>>> print(open('start.txt').read())   # compact mmCIF, C-alpha atoms
# COMPACT_ATOMS: atom_id res chain seq x y z
CA MET A 202 204.81 -127.80 159.70
CA LYS A 203 201.85 -130.10 159.64
CA VAL A 204 198.32 -128.80 159.62
CA ALA A 205 195.70 -130.65 161.61
CA LEU A 206 192.19 -130.67 160.22
CA ALA A 207 190.34 -130.55 163.50
CA LEU A 208 186.97 -131.56 162.09
CA LEU A 209 183.89 -131.18 164.23
CA THR A 210 182.01 -134.28 165.28
CA THR A 211 179.50 -133.08 167.90
CA ALA A 212 175.90 -132.22 167.14
CA SER A 213 176.35 -128.63 168.23
CA SER A 214 179.34 -128.11 165.99
CA HIS A 215 177.49 -129.60 163.02
CA SER A 216 174.79 -127.00 163.52
CA LEU A 217 177.40 -124.27 163.15
CA VAL A 218 178.65 -125.51 159.80
CA ALA A 219 175.49 -127.02 158.33
CA ALA A 220 175.42 -124.22 155.79
CA PHE A 221 178.13 -126.07 153.92
CA ALA A 222 176.18 -129.25 153.29
CA PRO A 223 175.54 -129.18 149.51
CA SER A 224 171.82 -129.83 149.13
CA SER A 225 171.74 -130.93 145.53
CA ILE A 226 174.21 -133.54 144.33
CA VAL A 227 174.26 -134.28 140.61
CA PRO A 228 175.15 -137.90 139.84
CA ARG A 229 178.14 -138.67 137.67
CA HIS A 230 177.38 -140.56 134.46
CA ALA A 231 179.64 -143.17 132.95
CA GLY A 232 181.74 -141.85 130.13
CA SER A 233 181.61 -138.26 131.31
CA SER A 234 184.45 -135.89 130.52
CA ALA A 235 187.60 -135.93 132.61
CA LEU A 236 186.78 -132.29 133.33
CA PHE A 237 183.55 -133.19 135.12
CA ALA A 238 184.92 -132.08 138.47
CA ALA A 239 185.78 -128.67 137.12
CA ASP A 240 182.42 -128.00 135.52
CA THR A 241 180.01 -128.10 138.45
CA MET A 242 181.59 -130.01 141.35
CA PHE A 243 178.19 -131.76 141.41
CA VAL A 244 176.59 -129.22 143.68
CA ASP A 245 173.79 -126.76 143.14
CA LYS A 246 175.54 -123.46 142.40
CA THR A 247 172.91 -121.28 144.06
CA ASP A 248 173.02 -123.36 147.25
CA VAL A 249 176.81 -123.20 147.38
CA HIS A 250 176.91 -119.44 146.86
CA SER A 251 174.30 -118.90 149.59
CA ALA A 252 176.10 -121.25 151.97
CA VAL A 253 179.48 -119.64 151.46
CA MET A 254 178.08 -116.12 151.82
CA ASP A 255 176.26 -117.06 155.01
CA TYR A 256 179.25 -118.85 156.53
CA TYR A 257 181.89 -116.25 155.69
CA GLY A 258 179.53 -113.33 156.25
CA LYS A 259 177.72 -114.39 159.42
CA THR A 260 179.11 -117.55 161.05
CA LEU A 261 182.75 -116.50 160.83
CA GLN A 262 183.43 -113.27 162.65
CA GLN A 263 187.21 -113.58 162.89
CA SER A 264 190.00 -115.90 161.79
CA SER A 265 189.87 -117.90 165.03
CA ASP A 266 186.32 -119.04 164.18
CA LEU A 267 187.60 -121.36 161.44
CA LYS A 268 186.88 -125.01 162.28
CA THR A 269 189.99 -126.44 160.59
CA ASN A 270 193.46 -125.22 159.71
CA ALA A 271 193.19 -125.81 155.96
CA CYS A 272 192.57 -122.12 155.35
CA CYS A 273 195.52 -120.62 157.16
CA THR A 274 199.05 -119.44 156.56
CA ALA A 275 201.79 -121.66 157.96
CA VAL A 276 204.82 -120.20 156.22
CA LYS A 277 206.44 -117.06 157.58
CA PRO A 278 205.98 -114.14 155.15
CA ALA A 279 208.93 -112.50 153.43
CA PRO A 280 210.13 -109.31 155.12
CA ASN A 281 208.48 -107.00 152.57
CA ILE A 282 205.14 -108.81 153.00
CA ALA A 283 205.45 -108.75 156.79
CA LYS A 284 206.10 -105.02 156.71
CA ALA A 285 203.05 -104.49 154.48
CA ILE A 286 200.86 -106.55 156.82
CA SER A 287 201.98 -104.45 159.79
CA ASN A 288 200.40 -101.41 158.11
CA ILE A 289 196.96 -103.01 157.72
CA HIS A 290 194.03 -102.23 160.01
CA PRO A 291 193.47 -104.83 162.79
CA ASP A 292 189.83 -105.33 161.75
CA VAL A 293 190.97 -106.46 158.30
CA ILE A 294 193.56 -108.83 159.75
CA ALA A 295 190.98 -110.33 162.13
CA LYS A 296 188.72 -111.27 159.20
CA TYR A 297 191.44 -112.86 157.08
CA TYR A 298 190.52 -116.42 156.01
CA GLY A 299 193.04 -116.98 153.22
CA CYS A 300 195.81 -119.53 152.99
CA GLY A 301 198.94 -117.97 151.59
CA PHE A 302 200.80 -114.94 150.27
CA CYS A 303 199.65 -114.57 146.69
CA VAL A 304 201.38 -111.49 145.34
CA PRO A 305 204.20 -112.33 142.89
CA ASP A 306 207.43 -110.42 142.31
CA GLU A 307 207.97 -107.32 140.17
CA VAL A 308 204.54 -105.67 140.55
CA GLU A 309 205.33 -101.97 140.96
CA GLY A 310 202.98 -99.86 138.84
CA MET A 311 200.84 -102.87 137.90
CA THR A 312 197.06 -103.32 137.91
CA ILE A 313 196.14 -106.26 140.15
CA LEU A 314 192.74 -107.94 140.52
CA ASP A 315 192.07 -109.94 143.71
CA LEU A 316 189.35 -112.60 143.34
CA GLY A 317 187.52 -113.31 146.60
CA CYS A 318 189.22 -110.45 148.38
CA GLY A 319 187.16 -110.77 151.57
CA ALA A 320 187.89 -107.95 154.02
CA GLY A 321 190.77 -106.80 151.84
CA ARG A 322 193.97 -108.02 153.47
CA ASP A 323 195.67 -109.04 150.21
CA VAL A 324 194.30 -105.98 148.42
CA TYR A 325 196.00 -103.74 150.97
CA ILE A 326 199.22 -105.76 150.76
CA ALA A 327 199.21 -105.43 146.99
CA SER A 328 198.31 -101.74 147.25
CA GLN A 329 201.60 -101.05 148.98
CA LEU A 330 203.61 -103.20 146.57
CA VAL A 331 202.24 -101.68 143.34
CA GLY A 332 202.65 -98.18 144.74
CA GLU A 333 200.86 -94.94 143.96
CA LYS A 334 201.03 -95.50 140.19
CA GLY A 335 199.52 -98.97 140.46
CA ARG A 336 195.93 -100.05 141.00
CA VAL A 337 194.31 -102.89 142.96
CA ILE A 338 190.74 -104.13 142.48
CA GLY A 339 189.01 -106.43 144.96
CA VAL A 340 185.94 -108.54 144.17
CA ASP A 341 183.94 -110.54 146.72
CA MET A 342 180.39 -111.80 147.02
CA THR A 343 180.08 -111.27 150.79
CA GLU A 344 178.66 -107.90 151.80
CA GLU A 345 179.80 -108.19 155.42
CA GLN A 346 183.40 -108.76 154.35
CA LEU A 347 183.42 -105.94 151.82
CA ALA A 348 181.95 -103.58 154.39
CA VAL A 349 185.10 -103.98 156.49
CA ALA A 350 187.32 -103.44 153.44
CA LYS A 351 185.52 -100.25 152.46
CA GLU A 352 185.17 -98.86 156.00
CA THR A 353 188.94 -99.10 156.49
CA GLN A 354 189.81 -97.62 153.09
CA PRO A 355 190.35 -94.07 154.48
CA TYR A 356 192.58 -95.51 157.21
CA HIS A 357 194.79 -97.23 154.65
CA ALA A 358 194.88 -94.22 152.32
CA ASP A 359 196.19 -92.14 155.22
CA LYS A 360 198.65 -94.87 156.26
CA PHE A 361 200.04 -95.42 152.74
CA GLY A 362 199.87 -91.82 151.57
CA PHE A 363 197.70 -92.70 148.56
CA ASP A 364 194.43 -94.47 147.67
CA ASN A 365 194.76 -96.88 144.74
CA VAL A 366 192.14 -99.53 145.59
CA GLU A 367 188.52 -100.21 144.72
CA PHE A 368 186.09 -102.91 145.80
CA HIS A 369 183.17 -104.54 143.99
CA LEU A 370 180.39 -106.84 145.19
CA GLY A 371 179.97 -109.77 142.83
CA LEU A 372 180.58 -113.41 141.97
CA ILE A 373 183.99 -114.26 140.58
CA GLU A 374 182.23 -116.58 138.12
CA LYS A 375 180.44 -113.50 136.72
CA LEU A 376 183.18 -110.91 136.38
CA ASP A 377 181.60 -109.73 133.11
CA GLU A 378 178.84 -108.14 135.22
CA ILE A 379 181.34 -105.67 136.72
CA ASP A 380 181.38 -102.81 134.20
CA SER A 381 184.76 -101.39 135.19
CA LEU A 382 186.54 -104.67 134.41
CA LYS A 383 187.47 -104.49 130.73
CA ASP A 384 189.03 -107.17 128.58
CA GLY A 385 192.82 -107.04 128.55
CA SER A 386 192.97 -104.44 131.35
CA VAL A 387 194.67 -106.35 134.17
CA ASP A 388 198.36 -107.19 134.59
CA ILE A 389 198.06 -109.73 137.40
CA ILE A 390 195.16 -111.63 138.95
CA ILE A 391 195.60 -113.06 142.44
CA SER A 392 193.37 -115.32 144.52
CA ASN A 393 193.87 -116.78 147.96
CA CYS A 394 192.19 -120.14 148.64
CA VAL A 395 188.90 -119.08 147.01
CA ILE A 396 188.53 -120.74 143.60
CA ASN A 397 188.07 -124.15 145.26
CA LEU A 398 184.84 -122.79 146.79
CA CYS A 399 183.41 -121.88 143.38
CA PRO A 400 181.02 -124.34 141.73
CA ASP A 401 181.91 -123.10 138.21
CA LYS A 402 185.69 -123.03 138.08
CA GLU A 403 185.77 -122.99 134.28
CA ALA A 404 183.89 -119.68 134.20
CA VAL A 405 186.43 -118.20 136.61
CA LEU A 406 189.45 -119.26 134.56
CA LYS A 407 187.91 -118.13 131.27
CA SER A 408 187.19 -114.70 132.73
CA CYS A 409 190.74 -114.47 134.03
CA HIS A 410 192.15 -115.23 130.59
CA ARG A 411 189.86 -112.60 129.05
CA LEU A 412 190.71 -109.85 131.55
CA LEU A 413 194.49 -110.32 131.52
CA LYS A 414 196.74 -108.33 129.24
CA PRO A 415 198.94 -110.44 126.93
CA GLY A 416 201.90 -111.45 129.08
CA GLY A 417 199.90 -111.03 132.28
CA GLU A 418 199.37 -113.83 134.74
CA LEU A 419 196.99 -115.48 137.18
CA TYR A 420 199.02 -116.12 140.35
CA PHE A 421 197.06 -117.91 143.05
CA SER A 422 197.09 -120.33 145.96
CA ASP A 423 194.51 -123.05 146.37
CA VAL A 424 193.80 -126.60 147.52
CA TYR A 425 194.14 -129.66 145.27
CA ALA A 426 193.64 -133.41 145.63
CA SER A 427 195.68 -136.40 144.52
CA ARG A 428 192.53 -137.85 142.93
CA ARG A 429 188.93 -136.78 142.33
CA VAL A 430 187.21 -136.14 145.64
CA PRO A 431 184.45 -138.76 146.09
CA GLN A 432 180.84 -137.82 146.66
CA GLU A 433 180.82 -138.95 150.30
CA LEU A 434 183.48 -136.40 151.13
CA ARG A 435 181.98 -133.65 148.98
CA GLU A 436 178.89 -133.93 151.20
CA ASP A 437 180.87 -133.35 154.40
CA GLU A 438 179.95 -129.93 155.81
CA VAL A 439 183.28 -129.02 157.37
CA LEU A 440 185.40 -130.38 154.54
CA TRP A 441 183.39 -128.35 152.03
CA GLY A 442 183.36 -125.14 153.99
CA GLU A 443 187.02 -125.30 154.91
CA CYS A 444 188.29 -125.61 151.34
CA LEU A 445 188.80 -129.36 150.96
CA SER A 446 185.69 -130.93 149.41
CA GLY A 447 185.78 -128.38 146.59
CA ALA A 448 189.41 -129.19 145.79
CA LEU A 449 190.10 -130.17 142.21
CA TYR A 450 192.08 -133.26 141.31
CA TRP A 451 195.39 -131.76 140.19
CA ASN A 452 195.28 -133.19 136.67
CA ASP A 453 191.69 -132.00 136.13
CA PHE A 454 192.94 -128.55 137.07
CA HIS A 455 195.85 -128.73 134.61
CA ASN A 456 193.51 -129.83 131.82
CA LEU A 457 190.93 -127.19 132.69
CA ALA A 458 193.55 -124.43 132.73
CA LYS A 459 194.72 -125.48 129.26
CA LYS A 460 191.13 -125.60 128.01
CA CYS A 461 190.65 -122.01 129.20
CA GLY A 462 193.73 -120.76 127.35
CA PHE A 463 196.46 -121.14 129.97
CA LYS A 464 198.55 -123.60 128.00
CA ASP A 465 201.34 -124.36 130.47
CA PRO A 466 200.35 -124.10 134.18
CA ARG A 467 203.44 -123.66 136.35
CA LEU A 468 203.60 -124.90 139.92
CA VAL A 469 205.43 -122.44 142.17
CA GLU A 470 205.31 -124.31 145.47
CA ASP A 471 203.30 -126.95 147.30
CA ALA A 472 202.85 -128.49 150.73
CA PRO A 473 200.76 -131.39 152.07
CA ILE A 474 197.57 -130.90 154.04
CA THR A 475 197.42 -133.70 156.60
CA VAL A 476 194.27 -135.02 158.26
CA GLU A 477 195.34 -135.60 161.86
CA ASN A 478 191.91 -136.10 163.42
CA ALA A 479 191.73 -139.83 164.16
CA ALA A 480 187.95 -140.10 163.83
CA VAL A 481 187.87 -138.34 160.48
CA GLN A 482 190.82 -140.33 159.15
CA GLN A 483 189.08 -143.53 160.21
CA LYS A 484 185.95 -142.36 158.42
CA MET A 485 187.97 -141.83 155.24
CA ASN A 486 189.59 -145.23 155.70
CA ASP A 487 186.22 -146.93 156.13
CA MET A 488 184.98 -145.29 152.94
CA GLY A 489 187.99 -146.65 151.10
CA HIS A 490 189.75 -143.28 150.70
CA ALA A 491 192.77 -143.72 152.97
CA ASN A 492 195.12 -142.80 150.13
CA LEU A 493 193.38 -139.54 149.20
CA GLU A 494 195.85 -136.69 149.69
CA PHE A 495 195.22 -132.94 149.80
CA PHE A 496 197.79 -130.29 148.91
CA SER A 497 198.07 -126.56 149.12
CA ALA A 498 199.73 -125.23 145.98
CA THR A 499 200.57 -121.93 144.34
CA TYR A 500 200.38 -121.75 140.54
CA ARG A 501 201.18 -119.12 137.96
CA LEU A 502 199.28 -119.17 134.66
CA PHE A 503 200.50 -116.83 131.93
CA GLN A 504 198.24 -115.30 129.30
CA LEU A 505 200.47 -116.09 126.32
CA ASP A 506 199.04 -117.46 123.11
CA CYS A 507 202.55 -118.37 121.93
CA LEU A 508 202.93 -121.15 124.54
CA GLU A 509 202.84 -124.78 123.41
CA PRO A 510 200.98 -127.67 125.12
CA HIS A 511 204.30 -129.25 126.17
CA CYS A 512 207.83 -128.07 126.85
CA GLU A 513 209.71 -128.17 123.54
CA ASP A 514 213.47 -127.85 123.15
CA TYR A 515 214.88 -125.22 120.75
CA GLY A 516 218.37 -125.11 122.24
CA GLN A 517 217.64 -121.84 124.06
CA ALA A 518 218.93 -120.45 127.34
CA VAL A 519 218.61 -117.41 129.57
CA ILE A 520 220.99 -115.55 131.89
CA TYR A 521 219.54 -113.85 134.96
CA LYS A 522 220.97 -110.39 135.61
CA GLY A 523 220.24 -110.35 139.35
CA THR A 524 218.11 -107.22 139.06
CA ILE A 525 214.78 -108.26 140.59
CA PRO A 526 214.62 -106.55 144.01
CA ARG A 527 215.39 -108.89 146.95
CA PHE A 528 216.67 -111.58 144.55
CA GLU A 529 220.13 -110.36 143.68
CA SER A 530 221.74 -113.83 143.76
CA GLY A 531 219.04 -115.82 141.98
CA TRP A 532 215.33 -115.96 141.20
CA ALA A 533 212.79 -118.77 140.74
CA LEU A 534 210.12 -118.68 138.04
CA ASP A 535 208.56 -121.83 139.47
CA ASP A 536 209.49 -124.88 141.54
CA HIS A 537 211.99 -126.22 138.99
CA HIS A 538 213.42 -123.08 137.41
CA TYR A 539 215.76 -121.38 139.88
CA MET A 540 218.21 -119.24 137.92
CA GLU A 541 221.44 -118.02 139.48
CA LYS A 542 222.77 -114.60 138.58
CA GLY A 543 225.14 -114.68 135.62
CA LYS A 544 224.78 -118.42 134.92
CA VAL A 545 223.63 -119.77 131.54
CA PHE A 546 220.38 -121.65 132.23
CA PRO A 547 218.96 -123.91 129.44
CA VAL A 548 215.19 -123.51 129.02
CA CYS A 549 212.37 -124.88 126.93
CA GLY A 550 210.51 -122.66 124.46
CA ASN A 551 207.68 -122.01 126.89
CA THR A 552 209.96 -120.85 129.70
CA TYR A 553 211.82 -118.66 127.23
CA ASN A 554 208.55 -116.95 126.29
CA MET A 555 207.35 -116.67 129.90
CA LEU A 556 210.40 -114.50 130.47
CA TYR A 557 210.83 -112.80 127.09
CA GLU A 558 207.16 -111.84 126.56
CA THR A 559 206.41 -110.62 130.10
CA ARG A 560 207.42 -107.98 132.64
CA PHE A 561 210.46 -110.09 133.51
CA ALA A 562 212.23 -109.60 130.14
CA LYS A 563 214.40 -106.70 131.33
CA HIS A 564 215.97 -108.91 134.00
CA PHE A 565 217.36 -111.51 131.55
CA GLU A 566 219.68 -111.99 128.64
CA PHE A 567 218.32 -114.37 126.01
CA VAL A 568 220.36 -116.93 124.08
CA GLY A 569 219.23 -118.75 120.93
CA ASP A 570 216.31 -118.56 118.53
CA TRP A 571 213.53 -120.77 117.12
CA SER A 572 215.31 -122.06 114.03
CA THR A 573 215.97 -125.63 115.22
CA HIS A 574 213.64 -127.93 117.17
CA HIS A 575 215.33 -130.68 119.20
CA GLY A 576 212.20 -132.50 120.41
CA ILE A 577 210.60 -132.59 123.84
CA PHE A 578 212.57 -130.81 126.56
CA GLU A 579 214.26 -133.32 128.86
CA GLY A 580 212.32 -133.86 132.06
CA CYS A 581 208.97 -132.65 130.72
CA GLY A 582 206.35 -135.09 131.95
CA THR A 583 202.78 -135.50 133.18
CA ALA A 584 203.28 -137.32 136.50
CA MET A 585 202.09 -136.05 139.87
CA PRO A 586 203.73 -132.59 140.10
CA TYR A 587 203.75 -132.12 143.86
CA LYS A 588 207.09 -132.93 145.45
CA SER A 589 205.32 -133.04 148.81
CA ALA A 590 203.27 -136.06 147.65
CA ALA A 591 204.19 -139.40 149.21
CA VAL A 592 204.92 -140.87 145.78
CA ASN A 593 207.54 -138.14 145.23
CA GLY A 594 209.23 -138.44 148.60
CA GLY A 595 206.99 -136.14 150.65
CA VAL A 596 209.32 -133.13 150.65
CA SER A 597 207.52 -129.77 150.76
CA THR A 598 208.69 -127.01 148.43
CA LYS A 599 207.11 -124.33 150.56
CA GLY A 600 209.28 -122.30 152.89
CA GLY A 601 211.82 -125.05 153.34
CA GLY A 602 209.44 -127.31 155.26
CA GLY A 603 206.04 -128.92 155.44
CA GLY A 604 202.80 -127.10 155.89
CA GLY A 605 199.11 -127.33 155.35
CA CYS A 606 198.28 -123.96 153.89
CA CYS A 607 198.49 -122.35 150.50
>>> encode(input="start.txt", output="structure tokens")
Amino acid sequence: MKVALALLTTASSHSLVAAFAPSSIVPRHAGSSALFAADTMFVDKTDVHSAVMDYYGKTLQQSSDLKTNACCTAVKPAPNIAKAISNIHPDVIAKYYGCGFCVPDEVEGMTILDLGCGAGRDVYIASQLVGEKGRVIGVDMTEEQLAVAKETQPYHADKFGFDNVEFHLGLIEKLDEIDSLKDGSVDIIISNCVINLCPDKEAVLKSCHRLLKPGGELYFSDVYASRRVPQELREDEVLWGECLSGALYWNDFHNLAKKCGFKDPRLVEDAPITVENAAVQQKMNDMGHANLEFFSATYRLFQLDCLEPHCEDYGQAVIYKGTIPRFESGWALDDHHYMEKGKVFPVCGNTYNMLYETRFAKHFEFVGDWSTHHGIFEGCGTAMPYKSAAVNGGVSTKGGGGGGCC
């Protein structure tokens, strides 16, 4: 499914979204680091935080108030997610502005942290999946959103039969200011189309690495670009507010993740975000950016110090036992590792460790050791990773079809 970015062009609509016009643009200097886009996004951090809080706390009152479809969910949820959503209070659903389903498999009993939890939809989904012995923590900087999450907490406790959630007001760039969040205390961190709105993405990723237990993971959906988003587009109010102007160039994200300790980012799925508003597309064409592409993508980043910068071949393999619930016939670690039950599946050293050193180990048999290195693992490269990109054939890996949402 294609997603139209119905950008506003009238004076009245601009007044509604003017809060997203970054007021302080920092010029790029020649010779700057390739990670420049990840450091500040060239906007004043205080202005961005205030704009986002005002827009998501005051301007948006329900999901239908969004001005584009970039922050939405186009893919039908799995049955277990759909069932969990049916148990959530209507007020929480009405204030959902995320763009995907960001809870991974095998989470029962886990501690999950949701960054940018908003009114708490994903927190309450995760609450049901981790169960009474698990714990879910939500962090958001918008008081109005958190008020809904907290006001409906008794409703959900009664509905689920237990209360295993907590909410904190704060910036996800400053998680160290939340006293209850201790280093190495979280199994899984999720985030749903929020990190792109943060001016200091490096601080977010470093905090995630610090808070995760060894073998834990950051599993999140967000928006990425095929190249660095130019200044003219970063200044567009709607594009910024609706998750596009803050999008990282995919390779800057990969490099930033590695810099922050996540040595081998794994793409789970992706889909194109298409600009179908003729006036806006013409504006991009006139600026010389007709070939700029946006993608929604879900990544998983493991907190494993044993991972290498590239996929190395040690002659290893794994055999999936078919024991992960709902995936009796086969299970996918990411977009290019689908393992059928009972079949020997050759893997690189990093994939081996992502399974052996994590909560997934009990679901696999492991073949081989580390005694012999055979060089780089065949097929390991650094080209554009998104199969939904035009250069790769334009085939979405999300839900069996195209889409514009994480």
>>> axis_aligned_box(input="start.txt", around="stretch 567-575 of chain A", padding_each_side="6 Å", output="AutoDock Vina command-line options")
--center_x 216.9 --center_y -122.5 --center_z 120.0 --size_x 18.8 --size_y 28.3 --size_z 24.0
>>> residues_near_point(input="start.txt", point="(218.7, -109.2, 139.5)", cutoff="12 Å", atoms="all atoms listed in the file", output="list in words")
Asp306, Glu307, Ile520, Tyr521, Lys522, Gly523, Thr524, Ile525, Pro526, Arg527, Phe528, Glu529, Ser530, Gly531, Trp532, Ala533, Met540, Glu541, Lys542, Gly543, Lys544, Phe561, Ala562, Lys563, His564, Phe565 and Glu566 of chain A
>>> residues_around(input="start.txt", residues="A:Glu558", least_positions_apart="3", cutoff="12 Å", atoms="all atoms listed in the file", output="list in words")
Lys414, Pro415, Gly416, Gly417, Glu418, Phe503, Gln504, Leu505, Asp506, Cys507, Leu508, Gly550, Asn551, Thr552, Tyr553, Asn554, Met555, Phe561, Ala562, Lys563, His564, Phe565 and Phe567 of chain A
>>> atom_distance(input="start.txt", atom1="atom CA of A:Cys512", atom2="atom CA of A:Tyr425")
23.0 Å
>>> atom_distance(input="start.txt", atom1="atom CA of A:Leu449", atom2="atom CA of A:Val424")
7.4 Å
>>> closest_residue(input="start.txt", among="A:Pro278, A:Pro473, A:Gly362, A:Gly319", to="A:Val293", atoms="all atoms listed in the file")
A:Gly319
>>> atom_distance(input="start.txt", atom1="atom CA of A:Leu372", atom2="atom CA of A:Asp341")
6.5 Å
>>> residues_near_point(input="start.txt", point="(184.4, -125.5, 150.0)", cutoff="7 Å", atoms="only C-alpha atoms", output="PyMOL selection string")
chain A and resi 397-398+440-447
>>> closest_residue(input="start.txt", among="A:Leu382, A:Ile389, A:Ala584, A:Val337", to="A:His455", atoms="only C-alpha atoms")
A:Ala584
>>> closest_residue(input="start.txt", among="A:Ser408, A:Asn288, A:Ser427, A:Asn452", to="A:Val387", atoms="only C-alpha atoms")
A:Ser408
>>> closest_residue(input="start.txt", among="A:Pro466, A:Gly516, A:Pro400, A:Gly310", to="A:Pro586", atoms="only C-alpha atoms")
A:Pro466
>>> residues_around(input="start.txt", residues="A:His511", least_positions_apart="2", cutoff="8 Å", atoms="all atoms listed in the file", output="list in words")
Asp465, Glu509, Glu513, Ile577 and Cys581 of chain A
>>> closest_residue(input="start.txt", among="A:Leu412, A:Leu347, A:Ala283, A:Met488", to="A:Gln432", atoms="all atoms listed in the file")
A:Met488
>>> closest_residue(input="start.txt", among="A:Val405, A:Glu309, A:Asp535, A:Lys351", to="A:Arg336", atoms="only C-alpha atoms")
A:Glu309
>>> residues_around(input="start.txt", residues="A:Asp359", least_positions_apart="4", cutoff="12 Å", atoms="all atoms listed in the file", output="list in words")
Asn288, Ile289, His290, Thr353, Gln354, Pro355, Phe363, Asp364 and Asn365 of chain A
